[in-house]
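What follows is the content of start25.txt (compact mmCIF, C-alpha atoms).
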```txt
# COMPACT_ATOMS: atom_id res chain seq x y z
CA MET A 92 7.86 -33.75 9.78
CA GLU A 93 7.83 -36.43 7.09
CA LYS A 94 8.87 -35.63 3.56
CA ILE A 95 5.40 -36.03 2.01
CA GLU A 96 3.74 -34.01 4.76
CA ALA A 97 6.37 -31.29 4.47
CA MET A 98 5.81 -31.02 0.72
CA GLU A 99 2.04 -30.73 1.19
CA VAL A 100 2.48 -27.94 3.74
CA PHE A 101 5.09 -26.30 1.50
CA ASP A 102 2.60 -26.28 -1.39
CA LEU A 103 -0.06 -24.70 0.84
CA VAL A 104 2.29 -21.96 2.04
CA ASN A 105 3.25 -21.13 -1.54
CA ARG A 106 -0.38 -21.17 -2.58
CA MET A 107 -1.26 -18.64 0.13
CA GLY A 108 1.55 -16.29 -0.88
CA GLU A 109 0.58 -16.55 -4.54
CA ALA A 110 -3.07 -15.81 -3.67
CA ILE A 111 -2.11 -12.68 -1.72
CA LEU A 112 0.02 -11.36 -4.57
CA SER A 113 -2.41 -12.20 -7.37
CA ASN A 114 -5.28 -10.45 -5.58
CA GLY A 115 -3.38 -7.20 -5.07
CA GLY A 116 -1.75 -7.66 -1.66
CA GLU A 117 1.52 -5.95 -0.86
CA ILE A 118 4.79 -7.83 -1.34
CA PHE A 119 5.85 -7.56 2.30
CA ARG A 120 2.43 -8.91 3.33
CA ALA A 121 2.82 -11.99 1.13
CA ASP A 122 6.39 -12.54 2.35
CA GLU A 123 5.53 -12.23 6.05
CA ALA A 124 2.38 -14.37 5.75
CA MET A 125 4.39 -17.17 4.13
CA ARG A 126 7.17 -17.02 6.72
CA TYR A 127 4.78 -17.00 9.69
CA ALA A 128 2.77 -19.88 8.20
CA ALA A 129 5.92 -21.92 7.49
CA LYS A 130 7.15 -21.43 11.05
CA ALA A 131 3.77 -22.22 12.63
CA LEU A 132 3.30 -25.36 10.50
CA GLY A 133 6.77 -26.73 11.20
CA LEU A 134 8.66 -26.17 7.95
CA LYS A 135 12.41 -26.08 8.48
CA GLU A 136 14.85 -23.67 6.84
CA PHE A 137 12.08 -21.97 4.88
CA ASN A 138 13.35 -19.19 2.65
CA ALA A 139 11.34 -16.93 0.36
CA TYR A 140 12.09 -14.23 -2.17
CA VAL A 141 9.00 -12.33 -3.31
CA ILE A 142 8.73 -9.76 -6.09
CA ALA A 143 5.70 -8.16 -7.71
CA ASN A 144 5.12 -10.95 -10.21
CA GLY A 145 6.96 -13.95 -8.82
CA ILE A 146 7.69 -16.07 -5.74
CA PHE A 147 10.85 -18.14 -5.13
CA THR A 148 10.86 -20.45 -2.10
CA SER A 149 12.87 -23.33 -0.67
CA ILE A 150 12.75 -25.66 2.38
CA SER A 151 14.73 -28.41 4.05
CA ALA A 152 13.09 -31.51 5.53
CA GLU A 153 14.95 -33.51 8.18
CA GLY A 154 18.18 -31.81 7.18
CA GLN A 155 18.50 -33.95 4.06
CA PHE A 156 15.69 -33.28 1.63
CA TYR A 157 15.63 -29.94 -0.12
CA SER A 158 12.93 -28.54 -2.35
CA SER A 159 12.45 -25.23 -4.10
CA GLN A 160 9.55 -23.78 -6.07
CA ILE A 161 9.16 -20.91 -8.51
CA HIS A 162 5.75 -19.34 -9.07
CA SER A 163 5.01 -16.79 -11.75
CA VAL A 164 2.24 -14.42 -10.59
CA PRO A 165 0.85 -12.27 -13.42
CA LEU A 166 -0.44 -8.82 -12.49
CA ALA A 167 -4.21 -9.25 -12.16
CA PRO A 168 -7.31 -7.29 -11.10
CA ILE A 169 -7.25 -6.35 -7.42
CA MET A 170 -9.63 -8.23 -5.10
CA LEU A 171 -9.22 -6.68 -1.65
CA CYS A 172 -11.95 -8.84 -0.09
CA ARG A 173 -9.80 -11.91 -0.79
CA VAL A 174 -6.68 -10.17 0.56
CA GLU A 175 -8.55 -9.44 3.80
CA ALA A 176 -9.66 -13.08 4.07
CA LEU A 177 -6.09 -14.26 3.46
CA ASN A 178 -4.81 -11.88 6.15
CA ASN A 179 -7.27 -13.38 8.63
CA LEU A 180 -6.14 -16.87 7.63
CA SER A 181 -2.51 -15.88 8.17
CA ARG A 182 -3.31 -14.64 11.69
CA GLN A 183 -5.10 -17.88 12.54
CA ILE A 184 -2.16 -19.96 11.30
CA SER A 185 0.35 -17.85 13.26
CA ALA A 186 -1.74 -18.27 16.40
CA GLY A 187 -1.75 -22.05 15.96
CA GLU A 188 -5.50 -22.14 15.38
CA CYS A 189 -5.38 -23.73 11.91
CA THR A 190 -4.23 -27.17 10.77
CA PRO A 191 -2.91 -27.82 7.23
CA GLN A 192 -6.24 -29.43 6.29
CA GLU A 193 -8.20 -26.43 7.59
CA MET A 194 -5.80 -24.15 5.73
CA LYS A 195 -6.44 -26.02 2.49
CA GLU A 196 -10.20 -25.80 2.96
CA GLU A 197 -10.02 -22.08 3.69
CA LEU A 198 -7.83 -21.43 0.64
CA ASP A 199 -10.35 -23.31 -1.49
CA ARG A 200 -13.13 -21.15 -0.06
CA ILE A 201 -11.21 -17.93 -0.69
CA ASP A 202 -10.47 -18.95 -4.29
CA LYS A 203 -14.22 -19.23 -4.88
CA MET A 204 -15.08 -16.06 -2.97
CA LYS A 205 -17.20 -13.75 -5.08
CA VAL A 206 -16.48 -10.06 -5.30
CA SER A 207 -19.24 -7.46 -5.32
CA GLY A 208 -22.06 -8.18 -7.75
CA ASN A 209 -22.04 -6.65 -11.21
CA LEU A 210 -24.81 -4.19 -10.35
CA ILE A 211 -22.92 -2.88 -7.31
CA GLN A 212 -19.72 -2.47 -9.34
CA ILE A 213 -21.58 -0.60 -12.08
CA LEU A 214 -23.30 1.74 -9.61
CA ALA A 215 -20.03 2.27 -7.70
CA SER A 216 -18.31 3.24 -10.94
CA GLY A 217 -21.03 5.78 -11.68
CA VAL A 218 -20.96 7.26 -8.18
CA GLY A 219 -17.17 7.40 -8.19
CA SER A 220 -17.09 9.12 -11.58
CA ALA A 221 -19.67 11.69 -10.49
CA SER A 222 -17.86 12.34 -7.21
CA PHE A 223 -14.47 12.91 -8.83
CA CYS A 224 -16.06 15.12 -11.47
CA TYR A 225 -17.56 17.30 -8.73
CA LEU A 226 -14.29 17.22 -6.75
CA PHE A 227 -12.41 18.61 -9.76
CA GLY A 228 -14.79 21.54 -10.09
CA GLY A 229 -17.58 20.11 -12.23
CA SER A 230 -21.16 21.30 -11.86
CA ALA A 231 -24.09 19.13 -10.83
CA TRP A 232 -24.94 18.54 -14.50
CA ASP A 233 -21.32 17.65 -15.24
CA SER A 234 -21.43 15.12 -12.41
CA ALA A 235 -24.69 13.68 -13.76
CA ALA A 236 -23.06 13.18 -17.16
CA ALA A 237 -19.97 11.65 -15.55
CA PHE A 238 -22.24 9.29 -13.60
CA ALA A 239 -23.86 8.09 -16.84
CA ALA A 240 -20.47 7.66 -18.51
CA GLY A 241 -19.08 5.82 -15.46
CA VAL A 242 -22.02 3.42 -15.50
CA LEU A 243 -21.50 2.73 -19.20
CA LEU A 244 -17.79 2.25 -18.57
CA TYR A 245 -18.31 -0.69 -16.22
CA ILE A 246 -21.09 -2.15 -18.33
CA PHE A 247 -18.55 -2.27 -21.16
CA LEU A 248 -15.82 -3.73 -18.92
CA ILE A 249 -17.99 -6.42 -17.32
CA TYR A 250 -20.12 -7.48 -20.26
CA GLY A 251 -17.73 -6.63 -23.08
CA ALA A 252 -13.99 -6.49 -22.47
CA LEU A 253 -13.84 -9.19 -19.79
CA LYS A 254 -16.17 -11.51 -21.70
CA VAL A 255 -14.04 -11.46 -24.86
CA LYS A 256 -10.83 -11.32 -22.74
CA LEU A 257 -9.32 -8.22 -24.32
CA PRO A 258 -5.65 -7.64 -23.50
CA LYS A 259 -5.20 -5.12 -20.71
CA ILE A 260 -3.68 -2.48 -22.99
CA MET A 261 -6.50 -2.67 -25.53
CA MET A 262 -9.12 -2.80 -22.78
CA ASN A 263 -7.87 0.46 -21.21
CA ILE A 264 -7.55 2.24 -24.55
CA THR A 265 -10.99 1.12 -25.74
CA ALA A 266 -12.71 1.84 -22.43
CA SER A 267 -11.29 5.37 -22.14
CA LEU A 268 -12.14 6.04 -25.79
CA ILE A 269 -15.75 4.94 -25.31
CA VAL A 270 -16.40 6.95 -22.14
CA SER A 271 -14.77 10.04 -23.66
CA LEU A 272 -17.04 9.80 -26.71
CA VAL A 273 -20.04 9.34 -24.42
CA CYS A 274 -19.06 12.50 -22.53
CA CYS A 275 -18.71 14.40 -25.83
CA ILE A 276 -22.16 13.26 -26.94
CA LEU A 277 -23.75 14.21 -23.61
CA PHE A 278 -21.99 17.58 -23.67
CA LYS A 279 -23.22 18.27 -27.20
CA ALA A 280 -26.74 17.28 -26.11
CA GLY A 281 -26.62 19.95 -23.41
CA LEU A 282 -26.05 17.72 -20.38
CA GLY A 283 -23.02 19.31 -18.76
CA ASN A 284 -21.09 22.56 -18.90
CA ASN A 285 -17.44 21.50 -18.69
CA LEU A 286 -16.36 18.69 -20.99
CA ASP A 287 -12.92 18.38 -19.44
CA ARG A 288 -14.37 17.82 -15.94
CA MET A 289 -16.83 15.30 -17.31
CA VAL A 290 -14.09 13.29 -19.00
CA ILE A 291 -11.79 13.45 -15.96
CA GLY A 292 -14.53 12.10 -13.71
CA ALA A 293 -15.63 9.41 -16.17
CA ILE A 294 -12.17 7.89 -16.65
CA PHE A 295 -11.24 7.90 -12.95
CA PRO A 296 -12.36 4.29 -12.30
CA LEU A 297 -9.59 3.26 -14.73
CA VAL A 298 -6.84 5.20 -12.94
CA PRO A 299 -4.23 2.79 -11.42
CA GLY A 300 -4.19 4.26 -7.93
CA ILE A 301 -3.35 1.10 -5.96
CA PRO A 302 -0.50 -0.09 -8.24
CA LEU A 303 1.05 3.39 -8.09
CA THR A 304 0.73 3.50 -4.29
CA ASN A 305 2.26 0.03 -3.96
CA SER A 306 5.08 1.08 -6.27
CA VAL A 307 5.98 4.06 -4.06
CA ARG A 308 5.82 1.83 -1.00
CA ASN A 309 8.15 -0.70 -2.63
CA PHE A 310 10.67 2.06 -3.39
CA LEU A 311 10.52 3.30 0.21
CA GLU A 312 11.20 -0.27 1.39
CA ASN A 313 14.24 -0.48 -0.95
CA ASP A 314 12.51 -3.10 -3.09
CA TYR A 315 13.43 -1.40 -6.34
CA LEU A 316 12.72 -4.29 -8.70
CA SER A 317 9.13 -4.69 -7.50
CA GLY A 318 8.71 -0.92 -7.41
CA ILE A 319 9.75 -0.64 -11.05
CA ILE A 320 7.39 -3.46 -12.08
CA ARG A 321 4.42 -1.79 -10.35
CA LEU A 322 5.42 1.65 -11.63
CA VAL A 323 5.69 0.48 -15.24
CA ASP A 324 2.28 -1.17 -14.95
CA ALA A 325 0.75 2.04 -13.56
CA LEU A 326 2.41 4.27 -16.15
CA LEU A 327 1.41 1.96 -18.98
CA THR A 328 -2.20 2.03 -17.81
CA ALA A 329 -2.12 5.83 -17.54
CA GLY A 330 -0.62 6.03 -21.03
CA CYS A 331 -3.36 3.82 -22.44
CA ILE A 332 -6.01 6.06 -20.86
CA ALA A 333 -4.36 9.13 -22.39
CA VAL A 334 -4.26 7.48 -25.82
CA GLY A 335 -7.91 6.51 -25.61
CA VAL A 336 -9.02 10.00 -24.58
CA GLY A 337 -6.84 11.64 -27.23
CA VAL A 338 -8.20 9.44 -30.02
CA ALA A 339 -11.76 10.08 -28.85
CA MET A 340 -11.26 13.84 -28.87
CA ASN A 341 -9.78 13.75 -32.36
CA ILE A 342 -12.64 11.60 -33.64
CA TRP A 343 -15.24 13.90 -32.12
CA SER A 344 -13.47 17.00 -33.42
CA ILE A 345 -13.69 15.56 -36.95
CA VAL A 346 -17.30 14.41 -36.56
CA ALA A 347 -18.43 17.65 -34.94
CA GLY A 348 -16.61 19.77 -37.52
CA GLY A 349 -14.21 21.26 -35.03
CA GLY A 350 -16.83 22.24 -32.51
CA ILE A 351 -16.82 20.29 -29.27
```
Please, can you express the file's structure as structure tokens?
Amino acid sequence: MEKIEAMEVFDLVNRMGEAILSNGGEIFRADEAMRYAAKALGLKEFNAYVIANGIFTSISAEGQFYSSQIHSVPLAPIMLCRVEALNNLSRQISAGECTPQEMKEELDRIDKMKVSGNLIQILASGVGSASFCYLFGGSAWDSAAAFAAGVLLYIFLIYGALKVKLPKIMMNITASLIVSLVCCILFKAGLGNNLDRMVIGAIFPLVPGIPLTNSVRNFLENDYLSGIIRLVDALLTAGCIAVGVGVAMNIWSIVAGGGI
């Protein structure tokens, strides 16, 4: 493989690994996909070191030319539809059914792939909030209130926080504060019987379930550095939610004169 061709393929392999990581794929999945693609596409002496927020790779072309790349991959919102598409692409490459040009075109398509529409995300947040509220012992009215709060939560996230590009910490604190106040208002208005269940259900769409699960998996695979990165991210998100709920409860206690 010529030097220029090898570098182009090398860039594509790195791009695929970066896409898997940035969209929420597991570390071992990104590592294996890159290694299989490099082998199938003819890269020699390909080596990769993947952690939760970075990729380090190197190759050798014709035994003389060496190249290495470092990619920083910030922790970002999880897009499992893109991870699934990238997994399918990896299988096609490993089976020899995809040329470098076809790989580039597919990566371009995946980068532009749209996630679920805003309306579906908003409704899913409401249904999820209501379901978790009921699961934790809430009544039907509690679940109805949690549904309303969950809908408002994603309206705020989609049309507010993401539009103005709030930092993740502030976004989680503000979002949990808002939905907690909404639950307090609905509870005071008579919609709901258990405020704690309502709040638990409403904030559940913010809970970092996938990062925490990936963290545990990393620890079980002896990848302690990546496990710590994921765990810190999950704990920080959980802490922000707790701060937001606590501030909301204190505000409402003052406004309501001590009666929630």
Which residue out of A:Tyr245, A:Phe223, A:Phe147, A:Phe295 has the minimum interatomic distance to A:Thr328 when all atoms listed in the file are used?
A:Phe295
d(atom CA of A:Pro258, atom CA of A:Ile211) in Å:
24.1 Å
Nearest to A:Leu198, chosen from A:Asn138, A:Ser158, A:Ser216, A:Asn105, with all atoms listed in the file counted in the distances
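Under the stated criterion, the closest residue is A:Asn105.
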Have a look at atom CA of A:Ala121 and atom CA of A:Gly208 and let me know their distance in Å, one decimal.
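Between atom CA of A:Ala121 and atom CA of A:Gly208 the gap is 26.7 Å.
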Between atom CA of A:Val346 and atom CA of A:Ala236, measure the distance and give it in Å to one decimal.
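Calculated distance between atom CA of A:Val346 and atom CA of A:Ala236 is 20.3 Å.
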For A:Trp343, which residue out of A:Met289, A:Val174, A:Ile319, A:Leu268 is the nearest one, using only C-alpha atoms?
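The closest residue to A:Trp343 is A:Leu268.
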Near stretch 259-267 of chain A, within 10 Å and counting only C-alpha atoms, which residues show up once chain neighbours fewer than 4 positions away are dropped, as a PyMOL selection string?
chain A and resi 167+243-245+247-248+251-253+271-273+290+293-298+327-339
Measuring atom to atom with all atoms listed in the file, identify which of A:Ala176, A:Met170, A:Leu226, A:Met98 is nearest to A:Ile150.
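When distances to A:Ile150 are compared using all atoms listed in the file, the smallest one comes from A:Met98.
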Taking all atoms of stretch 207-225 of chain A that the file lists and extending 8 Å past them on each side, where is the centre of the axis-aligned box and how long are its edges? Answer in Å to one decimal, as lines of an AutoDock Vina configuration file.
```
center_x = -19.6
center_y = 4.6
center_z = -8.7
size_x = 26.3
size_y = 41.5
size_z = 22.8
```
Long-range neighbours of A:Ala131 as a list in words, 7 Å cut-off, all atoms listed in the file, 2 positions minimum in chain
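Skipping anything fewer than 2 positions along the chain leaves Tyr127, Ala128, Ala129, Gly133, Ile184, Ser185 and Gly187 of chain A.
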Contacts of A:Val242 at 7 Å (all atoms listed in the file; same-chain gap of 6+ positions) as a list of chain:residue names:
A:Ile213, A:Leu214, A:Ser216, A:Gly217
Do a neighbour search on A:Glu175 at 12 Å with all atoms listed in the file, toss out local chain neighbours closer than 2 positions, and write the hits as a PyMOL selection string.
chain A and resi 110-111+114-117+120-121+169-173+177-182+201+204
Compare A:Ile291, A:Ile342, A:Leu303, A:Leu103 by their minimum atom-to-atom distance to A:Glu193, counting all atoms listed in the file, and give me the closest one.
A:Leu103
Nearest to A:Pro191, chosen from A:Ser151, A:Ser306, A:Leu316, A:Asp102, with only C-alpha atoms counted in the distances
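Using only C-alpha atoms, the shortest distance to A:Pro191 belongs to A:Asp102.
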Surrounding residues of A:Thr304 excluding itself and chain neighbours under 5 positions, 9 Å, only C-alpha atoms, as a list in words:
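Near neighbours after the sequence-gap exclusion: Pro299, Asn309, Arg321 and Leu322 of chain A.
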